[in-house]
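To start, the structure itself, in structure tokens.
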Protein chains: 4
Amino acid sequence: MTRFRICLFGAGEMATTHAMNLSADPRMELAFVVDPSAERSGALAAATGARVVDTDTAFGDADIAAYIIATPPRTHADYLQRAAQTQAHIFCEKPIDHDIDRARACLAALKGREAYVQMGFNRRFDPHFIALKQAIGAGKIGTPEQVLIISRDAEAPPVAGFIHSSGLLKETAVHDYDLIRWLLEDEVAEVYVMADALINPDYLTVGQIDTTTATIRMSRGTHVTVLNSLRAAFGYDQRLEVLGTLGQAAVGNVVGSQLILSTQSGVTGEKPHFSYFQRYAEAYRAEILNFAAAVADVAPVTPDAIDGLRASEIAEAAILSMQSRRPISL
Amino acid sequence: MTRFRICLFGAGEMATTHAMNLSADPRMELAFVVDPSAERSGALAAATGARVVDTDTAFGDADIAAYIIATPPRTHADYLQRAAQTQAHIFCEKPIDHDIDRARACLAALKGREAYVQMGFNRRFDPHFIALKQAIGAGKIGTPEQVLIISRDAEAPPVAGFIHSSGLLKETAVHDYDLIRWLLEDEVAEVYVMADALINPDYLTVGQIDTTTATIRMSRGTHVTVLNSLRAAFGYDQRLEVLGTLGQAAVGNVVGSQLILSTQSGVTGEKPHFSYFQRYAEAYRAEILNFAAAVADVAPVTPDAIDGLRASEIAEAAILSMQSRRPISL
Amino acid sequence: MTRFRICLFGAGEMATTHAMNLSADPRMELAFVVDPSAERSGALAAATGARVVDTDTAFGDADIAAYIIATPPRTHADYLQRAAQTQAHIFCEKPIDHDIDRARACLAALKGREAYVQMGFNRRFDPHFIALKQAIGAGKIGTPEQVLIISRDAEAPPVAGFIHSSGLLKETAVHDYDLIRWLLEDEVAEVYVMADALINPDYLTVGQIDTTTATIRMSRGTHVTVLNSLRAAFGYDQRLEVLGTLGQAAVGNVVGSQLILSTQSGVTGEKPHFSYFQRYAEAYRAEILNFAAAVADVAPVTPDAIDGLRASEIAEAAILSMQSRRPISL
Amino acid sequence: MTRFRICLFGAGEMATTHAMNLSADPRMELAFVVDPSAERSGALAAATGARVVDTDTAFGDADIAAYIIATPPRTHADYLQRAAQTQAHIFCEKPIDHDIDRARACLAALKGREAYVQMGFNRRFDPHFIALKQAIGAGKIGTPEQVLIISRDAEAPPVAGFIHSSGLLKETAVHDYDLIRWLLEDEVAEVYVMADALINPDYLTVGQIDTTTATIRMSRGTHVTVLNSLRAAFGYDQRLEVLGTLGQAAVGNVVGSQLILSTQSGVTGEKPHFSYFQRYAEAYRAEILNFAAAVADVAPVTPDAIDGLRASEIAEAAILSMQSRRPISL
């Protein structure tokens with residue numbers, strides 16, 4: 001059995017998740033781990049049998065079949081541009097870069113390569129959302145007319161948590177923007193965003209907001225509402241529903257157990273999962289195995305770098321709308 | 001418009017419910033109220049325009065079109081036997097009598113009359129159970145194989161509450177026995193009951209139990225389980241499900257409002273209604289209007305006195321099973 | 001018992017519903033019915049014991065304690081202005097008038113009167129929404145941050161159905177605008193509406209749209225999204241949810257029966273009620289009995305005419321936003 | 001890292017599931033596979049790197065740390081008795097044997113060994129049932145009074161499928177009997193079973209039944225009902241609920257996706273999983289990793305062989321009850 005040598009950038013929770021999930025494909029060999037923290041990279045290397053190397057070694061090894069970039073967002077573009085100089089396949093977490101021009105430059109650098117690039121839009125691999133997309137494809141609800149995405153974190157970060165963050169719209173809502181492009185197989189024509197710091201007004205001091213309500217019109221006319229918030233006190237709130245000409249398809253929150261307690265306080269089920277690692281555990285596994293299959297079988301993948309750019313362009317328009325208080329056409 | 005003069009025995013909560021519901025049929029005139037408590041009967045008479053009379057006056061008035069017996073169970077047989085001497089229609093709360101021989105004597109007394117008798121098995125008029133019966137009738141689940149009835153009160157009475165009671169099986173479970181006869185359109189062939197005083201062992205001192213698990217085989221072979229208890233701490237627990245050859249039809253508990261609260265404690269809905277007056281409000285209304293229609297239109301009604309006797313016979317067998325610790329054939 | 005003589009304008013489904021519900025308060029006497037259709041008014045008069053009269057007789061009788069206006073929307077203002085000349089209490093269906101200036105003129109005419117005016121915003125009387133408002137009031141979810149209202153009819157009318165209609169925003173969405181004012185006890189500060197004719201593009205030929213997505217910012221900052229549509233193929237889709245600092249309170253759709261069928265096709269519950277008469281049956285009863293209590297007990301009522309005007313002003317801003325494609329401040 | 005050499009008896013679906021799940025513990029090495037079918041064992045060996053050996057080789061290798069017996073039920077006792085002669089740990093699918101005396105002989109043979117035996121009662125490792133047991137342990141519902149287990153296969157086998165089967169009570173219901181012992185931490189005192197061939201009367205020709213309703217009284221008095229059937233047309237029907245003094249804890253069916261379709265046909269969710277491999281996938285994984293931990297860490301395990309015998313003794317009493325049509329004490 002030929003084994004494909006993989007190099008992983010990052011050794012944090014996201015990178016570790018990818019490394020563990022990758023081990024389910026025996027054709028993949030995690031060869032290198034690159035991370036500024038010797039402690040973190042050492043631990044991940046020990047657990048996986050990989051070797052800790054520096055960036056130059058990582059990019060200098062012509063036997064690396066694929067690079068997985070699971071580092072903080074502000075570093076993605078650098079790694080992408082160096083990886084673009086190789087023949088290897090690339091998996092890159094979203095977004096490509098905070099700066100839309102820099103994201104476009106990455107796309108330019110990647111142009112003409114034969115190897116594949118897969119962006120880390122994990123929600124496309126969630127079995128619940130896949131079931132919903134299949135139901136639409138099968139004509140169960142007719143033509144989509146009005147879509148609702150609710151996407152809220154369980155716990156808002158402290159103000160300091162925003163130091164290196166490009167904010168709710170560029171880092172979190174891009175997932176939702178990608179989701180609707182994939183789900184509806186259509187492009188965003190216009191976006192209007194109302195945004196405020198309702199959870200923590202101090203966010204405004206670092207130029208951030210925590211609650212956004214976005215109204216989107218797709219090219220084919222479908223209305224989309226995206227409700228984002230940094231805090232749903234009851235858990236990671238991830239819902240999606242689509243009204244079509246014949247009915248509605250909806251996916252609600254996912255809970256850890258089906259236990260229902262009925263007492264004098266009411267009839268109580270578990271609250272939804274707390275984090276994206278729990279809620280999207282299956283999706284993370286499926287996306288990286290999808291990438292592994294692309295590496296091993298040389299089969300094209302989505303979401304690709306263009307999908308990554310499109311989602312960032314919508315986020316860019318969303319921010320412009322928020323600032324100018326008017327709808328923005330794309 | 002001809003108005004039919006009705007005489008009501010009882011002025012408690014059940015009788016008051018019937019009186020109020022009856023007012024929705026303008027053809028009915030509540031003429032007489034009979035109750036040993038002058039205070040109660042006076043209040044009900046004032047609220048309805050009826051007149052308080054004694055039993056002899058009630059039975060001596062040939063213009064009474066119907067008697068409604070909503071008094072304590074131990075008095076039903078007396079009223080039934082006197083009403084049997086008249087030409088009037090009769091609505092009687094269940095059971096006919098604690099004593100099965102006396103119940104049979106009532107049936108004998110009612111034999112050959114032209115007027116109708118309707119027994120107060122309200123659950124036959126519950127819209128949820130009716131929808132379930134219709135689904136079965138429409139073939140949605142094929143032939144019934146295994147039925148489950150859960151029927152539990154919200155709050156167990158004190159030991160003293162059993163002084164005039166014939167107990168869980170004769171007073172409460174008869175509802176369930178009637179329900180399965182109506183639902184399956186079949187008769188009980190065999191019953192096995194396991195009974196204990198798990199909620200309050202002191203019930204045993206007055207010959208009562210509080211928790212029963214009954215296993216029934218119908219004539220056509222269908223299995224039925226009836227779980228009864230005097231206390232479901234979360235509310236009046238009334239559920240019914242039927243497994244058939246093609247699937248299952250089920251009715252769960254009914255709640256007062258659809259409000260769902262999602263907090264760090266979980267996802268919580270309201271607990272079920274507390275009492276049968278709340279849970280079966282629609283059924284009580286429908287059953288008495290069904291009786292009113294029978295009175296006005298001279299149309300036959302069910303459940304009738306024979307249904308009342310059948311349910312009591314099953315309860316009698318259930319008690320014999322409990323005492324002898326073996327299944328009893330009917 | 002003093003009986004209060006009521007005059008009802010209208011004899012259609014809404015008027016008939018009010019007449020029937022009113023009969024539950026024995027202090028109310030439906031004295032007059034006024035309707036251009038002799039057939040309809042005759043039928044309603046026959047069923048209720050009321051007398052069919054013309055408008056002048058209706059307004060000329062000084063013994064009328066209250067006028068109920070349940071006629072087509074375009075006629076409300078005329079009746080309101082004549083009723084304003086009397087001492088009687090007034091119940092008026094929404095909206096006051098299509099034309100906001102005319103609605104303001106009605107308010108002016110009503111100014112200084114001692115009698116009460118109640119607007120027909122029935123949803124304020126829905127037990128589910130009341131439970132939700134009480135939960136918020138009790139602090140169960142903390143301070144509201146992001147509200148979602150989904151309010152869709154089950155079946156879109158033909159183009160001809162719009163001949164006398166002021167459209168989705170002025171006739172239907174006003175209910176939602178009133179609902180959020182009542183629920184949040186706050187005023188709308190800004191509204192942005194995206195609107196299209198997705199169900200039936202021919203609506204555009206009569207200047208109408210069928211699908212709207214509205215984004216609202218309240219004075220205290222709360223975000224509100226209102227999704228309206230003229231067709232949810234699965235039933236009258238009426239949902240409301242509020243995310244607060246401590247969690248979420250939500251009310252989903254209401255179904256006719258709890259029956260659940262589990263077959264090889266899936267696990268299926270009933271679809272929601274088809275019409276507002278079914279879904280809001282309890283709310284219609286409660287609102288008219290609330291008005292009856294105001295008439296009999298001379299107790300102030302809400303929603304009043306100012307609430308009616310406020311909701312129409314929001315609808316006016318919504319239309320301006322739709323046309324100008326920008327958010328409108330109130 | 002020391003690796004423990006494991007020998008697997010069986011190469012069917014159950015054995016393959018165990019082999020795959022075992023690979024998640026890097027300390028375990030699947031050394032041997034034993035199966036009469038060279039094709040099946042060869043395939044499993046190829047997929048896992050194990051070697052196909054015969055029974056004598058398997059039991060003759062003193063380096064085997066553990067035997068996993070996942071063969072047809074009628075062969076368990078033979079393998080158990082040979083494994084009992086070794087020092088290795090044993091994992092054995094249920095039941096020990098159809099014949100209760102033979103099961104007891106196995107227990108005798110295992111007596112005095114230092115190595116552990118774990119029986120394959122996977123439901124003890126289901127996260128939903130564990131959550132339920134924890135809720136009871138935490139006092140959420142008080143003292144259990146009335147328990148309901150519904151446990152039905154999705155599809156009944158043909159009559160020929162019973163040739164080597166010991167039937168519904170000994171092969172399937174033993175799971176439920178073990179579940180209640182584990183859940184209630186109590187022993188069965190009495191069992192009454194009503195059993196029929198309602199799905200396929202031809203089962204009677206081979207001495208089998210397909211529908212059973214069992215009533216159990218535990219030593220501490222708790223009532224337990226177990227509804228078994230070979231066919232719930234809508235899927236593998238696995239539910240559990242416990243009424244206690246303070247309320248109820250319940251686990252319903254588990255579905256593959258949260259997708260809800262609302263159309264004119266109703267509001268439809270997915271039907272439950274079809275097979276135990278889907279429904280209990282997590283439980284199978286957890287039970288074998290629990291066994292692996294016992295092997296590696298020399299930590300005692302449950303359910304053990306005595307649990308296996310107890311469940312079979314209850315099944316034995318259940319069959320006696322079915323045949324004698326009376327309750328049987330244990």
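Note on naming: chains are A, B, ... as they come in the structure tokens, residues start from 1 per chain, ligands start from 1 in the order shown.
Using only C-alpha atoms, the part of chain C that sits within 10 Å of chain D is made up of Ala232, Ala233, Phe234, Gly235, Ile260, Leu261, Ser262, Thr263, Gln264, Ser265, Gly266, Val267, Thr268, Gly269, Glu270, Lys271 and Pro272 of chain C.
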Report as a list in words all protein, DNA and RNA residues lying within 6 Å of range 2-4 of chain B, evaluated on only C-alpha atoms, omitting residues in the same chain fewer than 3 positions from it.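 Selected residues are Arg27, Met28, Glu29 and Ala65 of chain B.
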Those residues with C-alpha atoms, as a CSV table (one decimal), in the first residue's frame please?
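Okay, selection30.csv is ready:
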```csv
chain,number,residue,atom,x,y,z
B,27,ARG,CA,-82.0,23.0,22.6
B,28,MET,CA,-81.1,21.8,26.1
B,29,GLU,CA,-82.6,23.4,29.2
B,65,ALA,CA,-86.2,14.4,28.7
```
I'd like the contact shell of Pro127 in chain D - 10 Å cut-off, only C-alpha atoms, skipping same-chain residues fewer than 6 positions apart - returned as a list in words. Gly256, Ser257, Gln258 and Leu259 of chain A; Lys133, Tyr280, Glu282, Ala283 and Ala286 of chain D
Output file for the selection above: C-alpha atoms, as a short mmCIF file (atom, residue, chain, number, x, y, z; two decimals), in the first residue's frame:
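Writing done, so here's result-v4.cif:
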```cif
data_model
loop_
_atom_site.label_atom_id
_atom_site.label_comp_id
_atom_site.auth_asym_id
_atom_site.auth_seq_id
_atom_site.Cartn_x
_atom_site.Cartn_y
_atom_site.Cartn_z
CA GLY A 256 -25.56 14.64 23.05
CA SER A 257 -28.20 12.27 24.36
CA GLN A 258 -31.88 11.65 23.84
CA LEU A 259 -32.58 11.67 27.57
CA LYS D 133 -28.83 5.69 34.55
CA TYR D 280 -25.73 0.89 18.92
CA GLU D 282 -21.28 3.93 19.77
CA ALA D 283 -22.15 1.26 22.32
CA ALA D 286 -17.38 1.65 23.86
#
```
Give the strand (DSSP E or B) residues of range 115-213 of chain B, as assigned by DSSP on the backbone, as a PyMOL selection string. chain B and resi 117-119+144-152+188-196+211-213
Who sits within 9 Å of range 11-19 of chain A, only C-alpha atoms, same chain under 5 positions skipped, as a list in words: Leu30, Val33, Val34, Asp35, Pro36, Ser37, Arg40, Ser41, Gly42, Ala43, Leu44, Ala45, Thr48, Ile68, Ile69, Ala70, Thr71, Phe277, Ala281, Tyr284, Arg285 and Ile288 of chain A
